[in-house]
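K.L.:
I'm passing along query05.csv; it holds CSV, C-alpha atoms and all ligand atoms.
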```csv
chain,number,residue,atom,x,y,z
A,1,MET,CA,40.3,133.6,114.6
A,2,GLN,CA,40.5,130.1,116.0
A,3,ASN,CA,36.7,129.9,115.5
A,4,TYR,CA,37.0,130.8,111.8
A,5,LEU,CA,39.9,128.3,111.4
A,6,ASN,CA,37.8,125.5,112.9
A,7,SER,CA,34.9,126.4,110.6
A,8,GLN,CA,37.2,126.6,107.7
A,9,GLN,CA,38.4,123.1,108.4
A,10,LEU,CA,34.8,122.0,108.5
A,11,LEU,CA,34.1,123.8,105.2
A,12,SER,CA,37.1,122.0,103.5
A,13,ARG,CA,35.9,118.6,104.6
A,14,PRO,CA,33.1,118.0,102.1
A,15,TYR,CA,35.4,119.2,99.3
A,16,ARG,CA,38.1,116.7,100.5
A,17,GLN,CA,35.5,114.0,100.8
A,18,ALA,CA,34.4,114.5,97.2
A,19,VAL,CA,38.0,114.4,96.0
A,20,LEU,CA,38.7,111.2,98.0
A,21,LYS,CA,35.6,109.4,96.7
A,22,ALA,CA,36.6,110.2,93.1
A,23,LEU,CA,40.1,109.0,93.8
A,24,LEU,CA,38.9,105.7,95.3
A,25,ILE,CA,36.7,105.0,92.3
A,26,ILE,CA,39.6,105.8,89.9
A,27,THR,CA,41.9,103.5,92.0
A,28,ILE,CA,39.4,100.6,91.9
A,29,ILE,CA,39.0,100.8,88.1
A,30,SER,CA,42.7,101.4,87.3
A,31,GLY,CA,43.8,98.8,89.9
A,32,LEU,CA,41.7,96.1,88.2
A,33,LEU,CA,42.9,97.2,84.8
A,34,PHE,CA,46.6,97.0,85.9
A,35,THR,CA,46.0,93.6,87.6
A,36,VAL,CA,44.9,92.2,84.2
A,37,LEU,CA,47.8,93.9,82.4
A,38,ASN,CA,50.4,92.6,84.9
A,39,LEU,CA,48.9,89.1,84.9
A,40,GLY,CA,49.3,89.2,81.1
A,41,ARG,CA,53.0,90.1,81.6
A,42,GLN,CA,53.3,87.4,84.3
A,43,ASN,CA,54.3,90.0,86.9
A,44,TYR,CA,52.3,88.2,89.6
A,45,SER,CA,53.5,90.0,92.7
A,46,LEU,CA,52.6,93.4,91.2
A,47,ALA,CA,49.3,92.1,89.9
A,48,PHE,CA,48.5,90.9,93.4
A,49,ALA,CA,49.5,94.2,94.9
A,50,GLU,CA,47.2,96.1,92.4
A,51,LEU,CA,44.3,93.7,93.1
A,52,LEU,CA,44.8,94.2,96.8
A,53,MET,CA,44.8,98.0,96.4
A,54,SER,CA,41.6,97.7,94.4
A,55,ILE,CA,39.8,95.6,97.1
A,56,TYR,CA,41.2,97.9,99.8
A,57,SER,CA,39.8,101.0,98.0
A,58,MET,CA,36.4,99.3,97.6
A,59,ALA,CA,36.4,98.6,101.4
A,60,ILE,CA,37.3,102.3,102.2
A,61,LEU,CA,34.6,103.5,99.7
A,62,TRP,CA,32.0,101.2,101.4
A,63,LEU,CA,33.1,102.4,104.9
A,64,LEU,CA,32.9,106.0,103.8
A,65,SER,CA,29.3,105.6,102.7
A,66,THR,CA,28.2,103.9,105.9
A,67,THR,CA,30.0,105.9,108.6
A,68,ASP,CA,30.0,109.5,109.6
A,69,PHE,CA,33.6,109.8,108.3
A,70,VAL,CA,33.6,113.4,107.1
A,71,LYS,CA,34.7,114.5,110.6
A,72,HIS,CA,37.9,112.4,110.2
A,73,ILE,CA,38.4,112.9,106.5
A,74,GLU,CA,42.2,113.6,106.8
A,75,ILE,CA,42.7,110.3,108.6
A,76,TRP,CA,40.7,108.5,106.0
A,77,ALA,CA,42.7,110.2,103.3
A,78,LEU,CA,45.9,108.9,105.0
A,79,VAL,CA,44.4,105.4,105.3
A,80,TYR,CA,44.0,105.5,101.5
A,81,LEU,CA,47.1,107.4,100.4
A,82,VAL,CA,49.8,105.7,102.5
A,83,PRO,CA,49.1,102.2,101.1
A,84,PHE,CA,48.4,103.7,97.6
A,85,PHE,CA,51.7,105.5,97.5
A,86,SER,CA,53.5,102.4,99.0
A,87,VAL,CA,52.1,100.2,96.2
A,88,MET,CA,53.3,102.8,93.8
A,89,MET,CA,56.8,102.6,95.3
A,90,LEU,CA,56.6,98.8,95.0
A,91,ALA,CA,55.6,99.2,91.3
A,92,LEU,CA,58.5,101.6,90.7
A,93,ALA,CA,61.0,99.2,92.4
A,94,SER,CA,59.6,96.1,90.6
A,95,PRO,CA,62.2,94.8,88.1
A,96,GLY,CA,59.5,94.2,85.4
A,97,ALA,CA,58.2,97.8,85.5
A,98,THR,CA,59.4,100.2,82.8
A,99,ALA,CA,60.7,103.7,83.4
A,100,SER,CA,57.4,105.1,82.2
A,101,VAL,CA,55.8,104.0,85.6
A,102,PHE,CA,57.7,106.9,87.2
A,103,VAL,CA,55.2,109.4,85.7
A,104,TRP,CA,52.9,108.3,88.5
A,105,VAL,CA,55.1,110.2,90.9
A,106,PHE,CA,53.7,113.5,89.5
A,107,LEU,CA,50.4,112.5,91.0
A,108,ILE,CA,51.8,112.4,94.6
A,109,PRO,CA,51.8,116.2,95.4
A,110,ILE,CA,48.4,116.7,93.7
A,111,LEU,CA,46.6,114.0,95.5
A,112,SER,CA,48.3,114.7,98.9
A,113,HIS,CA,47.5,118.4,98.8
A,114,PHE,CA,43.9,118.0,97.6
A,115,THR,CA,43.0,115.5,100.3
A,116,LEU,CA,45.3,116.3,103.2
A,117,GLY,CA,45.7,120.1,103.1
A,118,LYS,CA,48.8,122.3,102.8
A,119,ARG,CA,50.9,121.0,105.8
A,120,LEU,CA,50.3,117.3,105.9
A,121,GLY,CA,50.0,117.3,102.1
A,122,LEU,CA,53.5,118.8,101.7
A,123,MET,CA,55.0,116.4,104.3
A,124,ILE,CA,53.6,113.3,102.6
A,125,SER,CA,54.6,114.6,99.2
A,126,VAL,CA,58.2,115.3,100.1
A,127,CYS,CA,58.6,111.8,101.8
A,128,TYR,CA,57.3,109.8,98.8
A,129,ILE,CA,58.9,111.9,96.2
A,130,ALA,CA,62.3,111.4,98.0
A,131,MET,CA,61.6,107.7,98.2
A,132,ALA,CA,60.8,107.6,94.4
A,133,GLY,CA,64.0,109.5,93.7
A,134,VAL,CA,66.1,106.9,95.7
A,135,ILE,CA,64.4,104.0,93.8
A,136,PHE,CA,65.0,105.7,90.5
A,137,PHE,CA,68.7,106.3,91.1
A,138,ASN,CA,69.2,102.8,92.5
A,139,LYS,CA,67.3,101.1,89.7
A,140,TYR,CA,68.9,103.0,86.8
A,141,GLN,CA,72.4,103.7,88.2
A,142,ALA,CA,73.9,101.7,85.3
A,143,ASP,CA,71.7,103.3,82.7
A,144,LEU,CA,73.7,106.3,81.4
A,145,GLU,CA,70.9,107.5,79.2
A,146,LEU,CA,68.2,107.6,81.9
A,147,LEU,CA,70.6,109.1,84.4
A,148,GLY,CA,71.9,111.6,82.0
A,149,PRO,CA,71.6,115.3,83.0
A,150,VAL,CA,68.7,116.0,80.6
A,151,PRO,CA,66.3,113.3,81.7
A,152,VAL,CA,67.2,113.9,85.4
A,153,ALA,CA,66.7,117.7,85.0
A,154,ASN,CA,63.4,117.1,83.2
A,155,PHE,CA,62.1,114.8,85.9
A,156,SER,CA,63.3,116.8,88.8
A,157,ILE,CA,62.1,120.2,87.5
A,158,LEU,CA,58.7,118.9,86.5
A,159,THR,CA,58.2,117.2,89.9
A,160,LEU,CA,59.2,120.4,91.7
A,161,VAL,CA,56.9,122.5,89.6
A,162,ILE,CA,53.9,120.2,90.3
A,163,LEU,CA,54.8,120.2,94.0
A,164,ALA,CA,55.0,124.0,94.1
A,165,PHE,CA,51.8,124.5,92.1
A,166,SER,CA,49.8,122.0,94.3
A,167,SER,CA,51.1,123.6,97.4
A,168,ALA,CA,50.4,127.2,96.2
A,169,TYR,CA,46.9,126.1,95.0
A,170,GLU,CA,46.0,124.6,98.4
A,171,ILE,CA,47.4,127.6,100.3
A,172,THR,CA,45.4,130.0,98.1
A,173,ARG,CA,42.3,127.8,98.3
A,174,GLU,CA,42.4,127.7,102.1
A,175,GLN,CA,43.1,131.5,102.4
A,176,THR,CA,40.2,132.3,100.0
A,177,GLU,CA,37.9,130.0,102.0
A,178,LEU,CA,38.9,131.7,105.2
A,179,ARG,CA,38.3,135.1,103.7
A,180,LEU,CA,34.9,134.2,102.4
A,181,LEU,CA,34.0,132.6,105.7
A,182,LYS,CA,35.0,135.8,107.6
A,183,MET,CA,32.9,137.8,105.2
A,184,ALA,CA,29.9,135.5,105.7
A,185,HIS,CA,30.3,135.6,109.4
A,186,SER,CA,31.1,139.3,110.2
A,187,ASP,CA,29.5,142.6,110.0
A,188,PRO,CA,31.3,144.7,107.3
A,189,LEU,CA,31.0,148.1,109.2
A,190,THR,CA,32.2,147.1,112.7
A,191,GLY,CA,34.0,143.8,112.0
A,192,LEU,CA,31.9,142.2,114.8
A,193,ALA,CA,30.3,138.8,114.4
A,194,ASN,CA,27.0,138.8,112.6
A,195,ARG,CA,23.7,137.1,113.5
A,196,ALA,CA,24.7,133.9,111.6
A,197,HIS,CA,28.0,133.6,113.4
A,198,LEU,CA,26.3,134.2,116.8
A,199,HIS,CA,23.9,131.4,116.0
A,200,SER,CA,26.7,128.9,115.2
A,201,VAL,CA,28.8,129.9,118.2
A,202,PHE,CA,25.7,129.7,120.5
A,203,GLU,CA,24.9,126.2,119.3
A,204,HIS,CA,28.4,125.0,120.1
A,205,GLU,CA,28.5,126.9,123.5
A,206,GLN,CA,25.1,125.7,124.5
A,207,ARG,CA,26.1,122.0,124.1
A,208,ARG,CA,29.3,122.7,126.0
A,209,SER,CA,27.4,124.5,128.8
A,210,GLU,CA,24.9,121.6,129.1
A,211,ARG,CA,27.7,119.1,129.2
A,212,ALA,CA,29.8,120.9,131.7
A,213,GLN,CA,26.8,122.3,133.7
A,214,SER,CA,28.3,125.7,133.3
A,215,PRO,CA,26.2,128.9,133.1
A,216,LEU,CA,25.8,130.9,129.9
A,217,CYS,CA,23.9,134.2,129.3
A,218,ILE,CA,23.2,136.8,126.7
A,219,ALA,CA,22.8,140.5,126.8
A,220,LEU,CA,20.9,142.4,124.2
A,221,LEU,CA,22.0,146.0,123.9
A,222,ASP,CA,20.5,148.8,121.9
A,223,LEU,CA,21.8,152.4,121.5
A,224,ASP,CA,19.6,155.1,122.8
A,225,HIS,CA,18.2,157.7,120.5
A,226,PHE,CA,20.7,156.8,117.8
A,227,LYS,CA,18.4,158.2,115.1
A,228,ARG,CA,19.3,161.6,116.5
A,229,VAL,CA,23.0,161.1,115.8
A,230,ASN,CA,22.2,160.3,112.2
A,231,ASP,CA,19.6,163.1,111.8
A,232,THR,CA,21.9,165.7,113.4
A,233,TYR,CA,25.3,164.7,112.1
A,234,GLY,CA,24.6,162.4,109.1
A,235,HIS,CA,25.1,158.7,108.5
A,236,GLU,CA,28.9,159.0,108.2
A,237,VAL,CA,29.2,160.1,111.8
A,238,GLY,CA,26.6,157.5,112.7
A,239,ASP,CA,28.8,154.9,111.2
A,240,MET,CA,31.8,156.1,113.1
A,241,ALA,CA,29.8,156.0,116.3
A,242,LEU,CA,28.8,152.4,115.6
A,243,VAL,CA,32.5,151.4,115.1
A,244,HIS,CA,33.3,153.2,118.4
A,245,VAL,CA,30.6,151.3,120.2
A,246,ALA,CA,31.9,148.0,118.8
A,247,GLU,CA,35.4,148.9,120.2
A,248,VAL,CA,34.0,149.7,123.6
A,249,LEU,CA,32.0,146.4,123.7
A,250,LYS,CA,35.0,144.3,122.6
A,251,ALA,CA,37.3,146.0,125.2
A,252,GLY,CA,34.8,145.3,128.0
A,253,LEU,CA,34.7,141.5,127.4
A,254,ARG,CA,36.8,138.5,127.9
A,255,LYS,CA,38.5,136.8,124.9
A,256,SER,CA,36.2,133.8,125.2
A,257,ASP,CA,33.0,136.0,125.0
A,258,LEU,CA,31.4,137.0,121.7
A,259,VAL,CA,29.9,140.3,120.7
A,260,ALA,CA,27.7,140.4,117.6
A,261,ARG,CA,25.9,143.1,115.7
A,262,LEU,CA,22.4,141.9,115.1
A,263,GLY,CA,21.6,144.8,112.8
A,264,GLY,CA,21.2,148.6,113.0
A,265,GLU,CA,22.2,149.8,116.5
A,266,GLU,CA,21.4,146.5,118.2
A,267,PHE,CA,24.2,144.3,119.6
A,268,CYS,CA,24.3,140.9,121.4
A,269,LEU,CA,26.8,139.7,123.9
A,270,LEU,CA,27.3,136.0,124.4
A,271,LEU,CA,28.9,135.6,127.8
A,272,MET,CA,30.5,132.2,128.6
A,273,GLU,CA,30.6,130.7,132.1
A,274,THR,CA,28.4,133.6,133.3
A,275,GLN,CA,25.3,133.6,135.3
A,276,GLY,CA,22.5,136.1,134.7
A,277,GLN,CA,23.5,138.3,137.7
A,278,GLN,CA,27.2,138.3,136.6
A,279,GLY,CA,26.0,139.1,133.0
A,280,LEU,CA,24.0,142.0,134.3
A,281,ALA,CA,27.2,143.3,136.0
A,282,VAL,CA,29.3,142.9,132.8
A,283,ALA,CA,26.7,144.6,130.6
A,284,ASP,CA,26.3,147.4,133.1
A,285,LYS,CA,30.0,148.0,133.3
A,286,ILE,CA,30.0,148.3,129.5
A,287,ARG,CA,27.0,150.7,129.7
A,288,ARG,CA,28.9,152.9,132.1
A,289,ARG,CA,32.1,152.8,130.1
A,290,LEU,CA,30.2,153.8,126.9
A,291,GLU,CA,28.5,156.6,128.7
A,292,GLN,CA,31.8,158.0,129.9
A,293,THR,CA,33.8,157.5,126.6
A,294,PRO,CA,33.3,160.1,123.9
A,295,VAL,CA,32.9,158.7,120.4
A,296,MET,CA,36.5,158.3,119.1
A,297,PHE,CA,37.7,158.9,115.6
A,298,GLU,CA,41.3,158.2,114.7
A,299,GLY,CA,42.4,158.1,118.3
A,300,ALA,CA,40.8,161.5,119.3
A,301,PRO,CA,37.3,162.4,120.6
A,302,LEU,CA,35.0,163.3,117.8
A,303,VAL,CA,34.0,167.0,118.3
A,304,ILE,CA,31.4,168.5,116.0
A,305,ASP,CA,30.4,172.1,116.3
A,306,GLY,CA,32.1,172.2,119.7
A,307,THR,CA,30.2,169.2,121.0
A,308,VAL,CA,31.7,166.0,122.2
A,309,ILE,CA,29.5,163.1,121.1
A,310,THR,CA,28.7,160.5,123.7
A,311,LEU,CA,26.3,157.6,123.5
A,312,THR,CA,24.3,155.6,126.0
A,313,ILE,CA,22.9,152.1,125.7
A,314,SER,CA,19.9,150.2,127.1
A,315,GLY,CA,19.9,146.4,127.5
A,316,GLY,CA,18.3,143.2,128.7
A,317,VAL,CA,20.0,140.1,130.0
A,318,ALA,CA,18.7,136.5,129.8
A,319,GLU,CA,20.3,133.3,131.2
A,320,HIS,CA,20.5,130.0,129.4
A,321,GLY,CA,18.5,127.3,131.3
A,322,VAL,CA,16.6,129.9,133.3
A,323,ASP,CA,14.9,132.0,130.6
A,324,GLY,CA,15.0,129.4,127.9
A,325,THR,CA,17.5,127.2,126.1
A,326,ALA,CA,17.1,128.2,122.4
A,327,LEU,CA,18.8,131.4,121.3
A,328,LYS,CA,15.6,132.7,119.8
A,329,ASP,CA,13.9,132.3,123.3
A,330,LEU,CA,16.8,134.0,125.1
A,331,ILE,CA,16.8,136.9,122.6
A,332,ARG,CA,13.0,137.2,123.0
A,333,VAL,CA,13.2,137.5,126.8
A,334,ALA,CA,16.3,139.8,126.7
A,335,ASP,CA,14.4,141.9,124.1
A,336,GLN,CA,11.4,142.3,126.5
A,337,ARG,CA,13.8,143.4,129.2
A,338,LEU,CA,15.6,145.8,126.9
A,339,TYR,CA,12.3,147.5,126.0
A,340,GLU,CA,11.4,147.8,129.6
A,341,SER,CA,14.8,149.5,130.1
A,342,LYS,CA,13.9,151.9,127.2
A,343,ASN,CA,10.5,152.6,128.6
A,344,ASN,CA,11.9,153.3,132.1
A,345,GLY,CA,14.2,156.1,131.0
A,346,ARG,CA,16.9,154.3,128.9
A,347,ASN,CA,20.6,154.0,129.8
A,348,GLN,CA,20.1,151.0,132.0
A,349,ILE,CA,20.3,147.2,131.9
A,350,ARG,CA,17.7,144.7,133.2
A,351,LEU,CA,17.8,141.1,134.2
A,352,HIS,CA,14.2,140.7,135.5
A,353,SER,CA,11.0,142.5,134.6
A,354,ASP,CA,10.8,144.3,137.9
A,355,ALA,CA,12.3,147.7,138.2
A,356,ALA,CA,14.5,146.6,141.1
A,357,SER,CA,16.6,144.5,138.8
A,358,ALA,CA,17.7,147.4,136.7
A,359,LEU,CA,21.1,148.7,137.6
A,360,GLU,CA,21.4,152.4,138.5
A,361,VAL,CA,20.3,154.8,135.8
A,362,ASP,CA,22.3,157.9,135.2
A,363,ASP,CA,20.2,159.6,132.6
A,364,LYS,CA,21.2,163.1,133.5
A,365,SER,CA,25.0,162.7,133.2
A,366,PRO,CA,26.4,166.1,132.4
A,367,GLY,CA,28.0,166.6,129.0
A,368,LEU,CA,26.1,163.8,127.4
A,369,LEU,CA,24.5,164.6,124.1
A,370,PHE,CA,22.5,161.5,123.4
B,1,LIG,N1,24.8,155.4,110.5
B,1,LIG,C1,24.1,154.3,110.6
B,1,LIG,N2,22.9,154.3,111.1
B,1,LIG,C2,22.2,153.1,111.2
B,1,LIG,C3,22.7,151.9,110.7
B,1,LIG,N3,21.8,151.0,110.9
B,1,LIG,C4,20.7,151.5,111.5
B,1,LIG,N4,21.0,152.9,111.6
B,1,LIG,C5,20.1,153.9,112.2
B,1,LIG,O1,19.8,153.7,113.5
B,1,LIG,C6,18.6,154.4,113.8
B,1,LIG,C7,17.7,153.6,114.7
B,1,LIG,O2,16.6,154.4,115.1
B,1,LIG,P1,15.5,153.9,116.0
B,1,LIG,O3,15.1,152.5,115.7
B,1,LIG,O4,14.4,154.9,116.0
B,1,LIG,O5,16.2,153.9,117.5
B,1,LIG,P2,16.8,155.0,118.3
B,1,LIG,O6,16.8,156.3,117.6
B,1,LIG,O7,18.1,154.5,118.8
B,1,LIG,O8,15.8,155.1,119.5
B,1,LIG,P3,15.6,154.1,120.7
B,1,LIG,O9,16.1,152.8,120.3
B,1,LIG,O10,14.2,154.1,121.0
B,1,LIG,O11,16.4,154.7,121.9
B,1,LIG,C8,17.9,154.8,112.5
B,1,LIG,O12,18.1,156.1,112.2
B,1,LIG,C9,18.7,153.9,111.5
B,1,LIG,O13,18.9,154.6,110.2
B,1,LIG,C10,24.1,151.9,110.1
B,1,LIG,O14,24.6,150.9,109.7
B,1,LIG,N5,24.7,153.1,110.1
```
Take the structure in the file and write it out as structure tokens.
Ligand SMILES: Nc1nc2c(ncn2[C@@H]2O[C@H](COP(=O)(O)OP(=O)(O)OP(=O)(O)O)[C@@H](O)[C@H]2O)c(=O)[nH]1
P.N.:
Amino acid sequence: MQNYLNSQQLLSRPYRQAVLKALLIITIISGLLFTVLNLGRQNYSLAFAELLMSIYSMAILWLLSTTDFVKHIEIWALVYLVPFFSVMMLALASPGATASVFVWVFLIPILSHFTLGKRLGLMISVCYIAMAGVIFFNKYQADLELLGPVPVANFSILTLVILAFSSAYEITREQTELRLLKMAHSDPLTGLANRAHLHSVFEHEQRRSERAQSPLCIALLDLDHFKRVNDTYGHEVGDMALVHVAEVLKAGLRKSDLVARLGGEEFCLLLMETQGQQGLAVADKIRRRLEQTPVMFEGAPLVIDGTVITLTISGGVAEHGVDGTALKDLIRVADQRLYESKNNGRNQIRLHSDAASALEVDDKSPGLLF
């Protein structure tokens, strides 16, 4: 889940980057326009603040196009929004400004949520809206018309509605993004990671492993004679069997490890902080567990025509740095070892090409159907 959340944050960043860039351009243009308007009304302090905000926005826009800022987009958004909203507060408090300037407050929740996300966006919105409220009441405390119940109710309700809509929009957008991300990264039948997710996690783990000089290995596992399950009992039972295998694989691993379904009846384990020999032991422990656990359906062993269905698996292990560094090389080596396991009687896992590296085969376990 944490992985998906991190990826979702990465996914949100280009979107926030585009919104922030558009905002900066609008601020530069409108800042210059209001500088001229305020100079015309001889409101020099506000004109100066508007001009400063315009120049500041130009500087941020320039920095954004020259640095790799997308990683810190929320910080950049704060660097822009805090002075922008502060100038807005200054404009609201300015004695020369009319009450119509307060309509800018409606922008606060929209801009905050779009560029900062649901939590930080809400916090910043509430702070500045509260500040605008205090300024409004202080400035117009003697103005009975503006502080009458109707204008106050109009202003407050509209602000709350915009705040609620912006917040709801951002929450829904983030949830939808997370759902799409999960769908794009997981296998719909078993819920395991798919090949694309394995690749992205491997890239990250490979860098970490090289930095920390820690071992990393993969195990490629393929169900034995799975075609017979489908041919004998049909695809529906085959699907149940695949879901059961996914459960056994997940249960046999640490939380930090990853199990992916590469397609059909082929799975890949990504084992962190694990050397080849340890990886072989982990994969073999899972092989034995699968062999001993009948295919489960809704909490009970699946029995068809009086037969308890049990599956076996063959596999090959490859170690990062020993058998290659790229995932495709590790998969190729593990695949060769997997097929040696298949050719040597199935239901076994190999780390090297020689037969001695295969952990004990128990091909004739009683009661096993496949
Ligand atoms: N039910 C089901 N079957 C699948 C799925 N994906 C692949 N298969 C089946 O898995 C079987 C794989 O067959 P083979 O490649 O011959 O492998 P095998 O029968 O396991 O034989 P060995 O690997 O040599 O032990 C085929 O019958 C595919 O139809 C799936 O999502 N659901």
K.L.:
Rank A:Leu223, A:Leu32, A:Leu122, A:Leu116 by their smallest atom-to-atom distance to His72 (chain A), using all atoms listed in the file, and report the top residue only.
P.N.:
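Looking at the shortest contact to His72 (chain A), the residue is A:Leu116.
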K.L.:
Can you list, as a list of chain:residue names, every protein, DNA or RNA residue that comes within 10 Å of Tyr56 (chain A) when you count all atoms listed in the file, leaving out same-chain residues fewer than 6 positions away?
P.N.:
A:Leu24, A:Thr27, A:Ile28, A:Glu50, A:Trp62, A:Val79, A:Tyr80, A:Pro83, A:Phe84
K.L.:
List all protein, DNA and RNA residues that have an atom no more than 8 Å from any atom of ligand LIG 1 (chain B), counting only C-alpha atoms and all ligand atoms, and report them as a ChimeraX atom specification.
P.N.:
/A:189,222-231,234-242,263-265,313-314,342,346
K.L.:
Quick one: of A:Ser65, A:Ser166, A:Ser100, A:Thr274, who's nearest to Leu146 (chain A), counting all atoms listed in the file?
P.N.:
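Looking only at the distances to Leu146 (chain A), the closest residue turns out to be A:Ser100.
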K.L.:
To test the calculation: enclose all listed atoms of region 321-325 of chain A in a box whose edges run along x, y and z, add 3 Å on each side, then state centre and edge lengths in Å to one decimal, as lines of an AutoDock Vina configuration file.
P.N.:
```
center_x = 16.7
center_y = 129.6
center_z = 129.7
size_x = 9.6
size_y = 10.8
size_z = 13.2
```
K.L.:
For CA of Gln42 (chain A) and CA of Met89 (chain A), determine how far apart the two atoms are, in Å to one decimal place.
P.N.:
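Between CA of Gln42 (chain A) and CA of Met89 (chain A) the gap is 19.1 Å.
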K.L.:
Could you list, as a list in words, every residue within 12 Å of Ser86 (chain A), counting all atoms listed in the file and ignoring same-chain residues fewer than 4 positions away?
P.N.:
Leu46, Ala49, Glu50, Met53, Leu78, Val79, Tyr80, Leu81, Val82, Leu90, Ala91, Leu92, Ala93, Val105, Ile108, Ile124, Cys127, Tyr128, Ile129, Met131 and Ala132 of chain A
K.L.:
Any idea what the distance is between CA of Leu163 (chain A) and CA of His113 (chain A)?
P.N.:
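Taking CA of Leu163 (chain A) as the start and CA of His113 (chain A) as the end point, the length is 8.9 Å.
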K.L.:
Suppose you want the space between CA of Gln175 (chain A) and CA of Arg195 (chain A); what is it in Å?
P.N.:
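CA of Gln175 (chain A) sits 23.0 Å away from CA of Arg195 (chain A).
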K.L.:
My list of candidates is A:Arg289, A:Arg41, A:Lys255, A:Arg211. Which is closest to Leu270 (chain A) when distances are computed with all atoms listed in the file?
P.N.:
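Of all the options, A:Lys255 lies closest to Leu270 (chain A).
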K.L.:
Please report, as a Markdown table, each residue of region 224-333 of chain A lying at most 12 Å from region 350-353 of chain A, together with the nearest pair of atoms and the separation in Å rounded to one decimal; use only C-alpha atoms, and order rows by chain and ascending residue number.
P.N.:
```
| residue | atom | partner | partner_atom | distance |
| --- | --- | --- | --- | --- |
| A:Gln275 | CA | A:Leu351 | CA | 10.7 |
| A:Gly276 | CA | A:Leu351 | CA | 6.9 |
| A:Gln277 | CA | A:Leu351 | CA | 7.3 |
| A:Gln278 | CA | A:Leu351 | CA | 10.1 |
| A:Gly279 | CA | A:Leu351 | CA | 8.5 |
| A:Leu280 | CA | A:Leu351 | CA | 6.3 |
| A:Ala281 | CA | A:Leu351 | CA | 9.8 |
| A:Val282 | CA | A:Leu351 | CA | 11.7 |
| A:Ala283 | CA | A:Arg350 | CA | 9.4 |
| A:Asp284 | CA | A:Arg350 | CA | 9.0 |
| A:Arg287 | CA | A:Arg350 | CA | 11.6 |
| A:Ile313 | CA | A:Arg350 | CA | 11.7 |
| A:Ser314 | CA | A:Arg350 | CA | 8.5 |
| A:Gly315 | CA | A:Arg350 | CA | 6.3 |
| A:Gly316 | CA | A:Arg350 | CA | 4.8 |
| A:Val317 | CA | A:Leu351 | CA | 4.8 |
| A:Ala318 | CA | A:Leu351 | CA | 6.4 |
| A:Glu319 | CA | A:Leu351 | CA | 8.7 |
| A:Val322 | CA | A:His352 | CA | 11.3 |
| A:Asp323 | CA | A:His352 | CA | 10.0 |
| A:Leu330 | CA | A:Leu351 | CA | 11.6 |
| A:Val333 | CA | A:His352 | CA | 9.3 |
```
K.L.:
So that I can see what lies close to Asp305 (chain A), please list as a VMD selection string the residues with an atom at most 12 Å from it, counting all atoms listed in the file and leaving out residues fewer than 4 positions away in the same chain.
P.N.:
chain A and resid 232 to 233 309
K.L.:
Go ahead and dump the residues you just picked, C-alpha atoms, as a PDB file, in the coordinates of the input.
P.N.:
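What landed in again39.pdb:
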```pdb
ATOM      1  CA  THR A 232      21.900 165.700 113.400  1.00  0.00           C
ATOM      2  CA  TYR A 233      25.300 164.700 112.100  1.00  0.00           C
ATOM      3  CA  ILE A 309      29.500 163.100 121.100  1.00  0.00           C
TER       4      ILE A 309
END
```
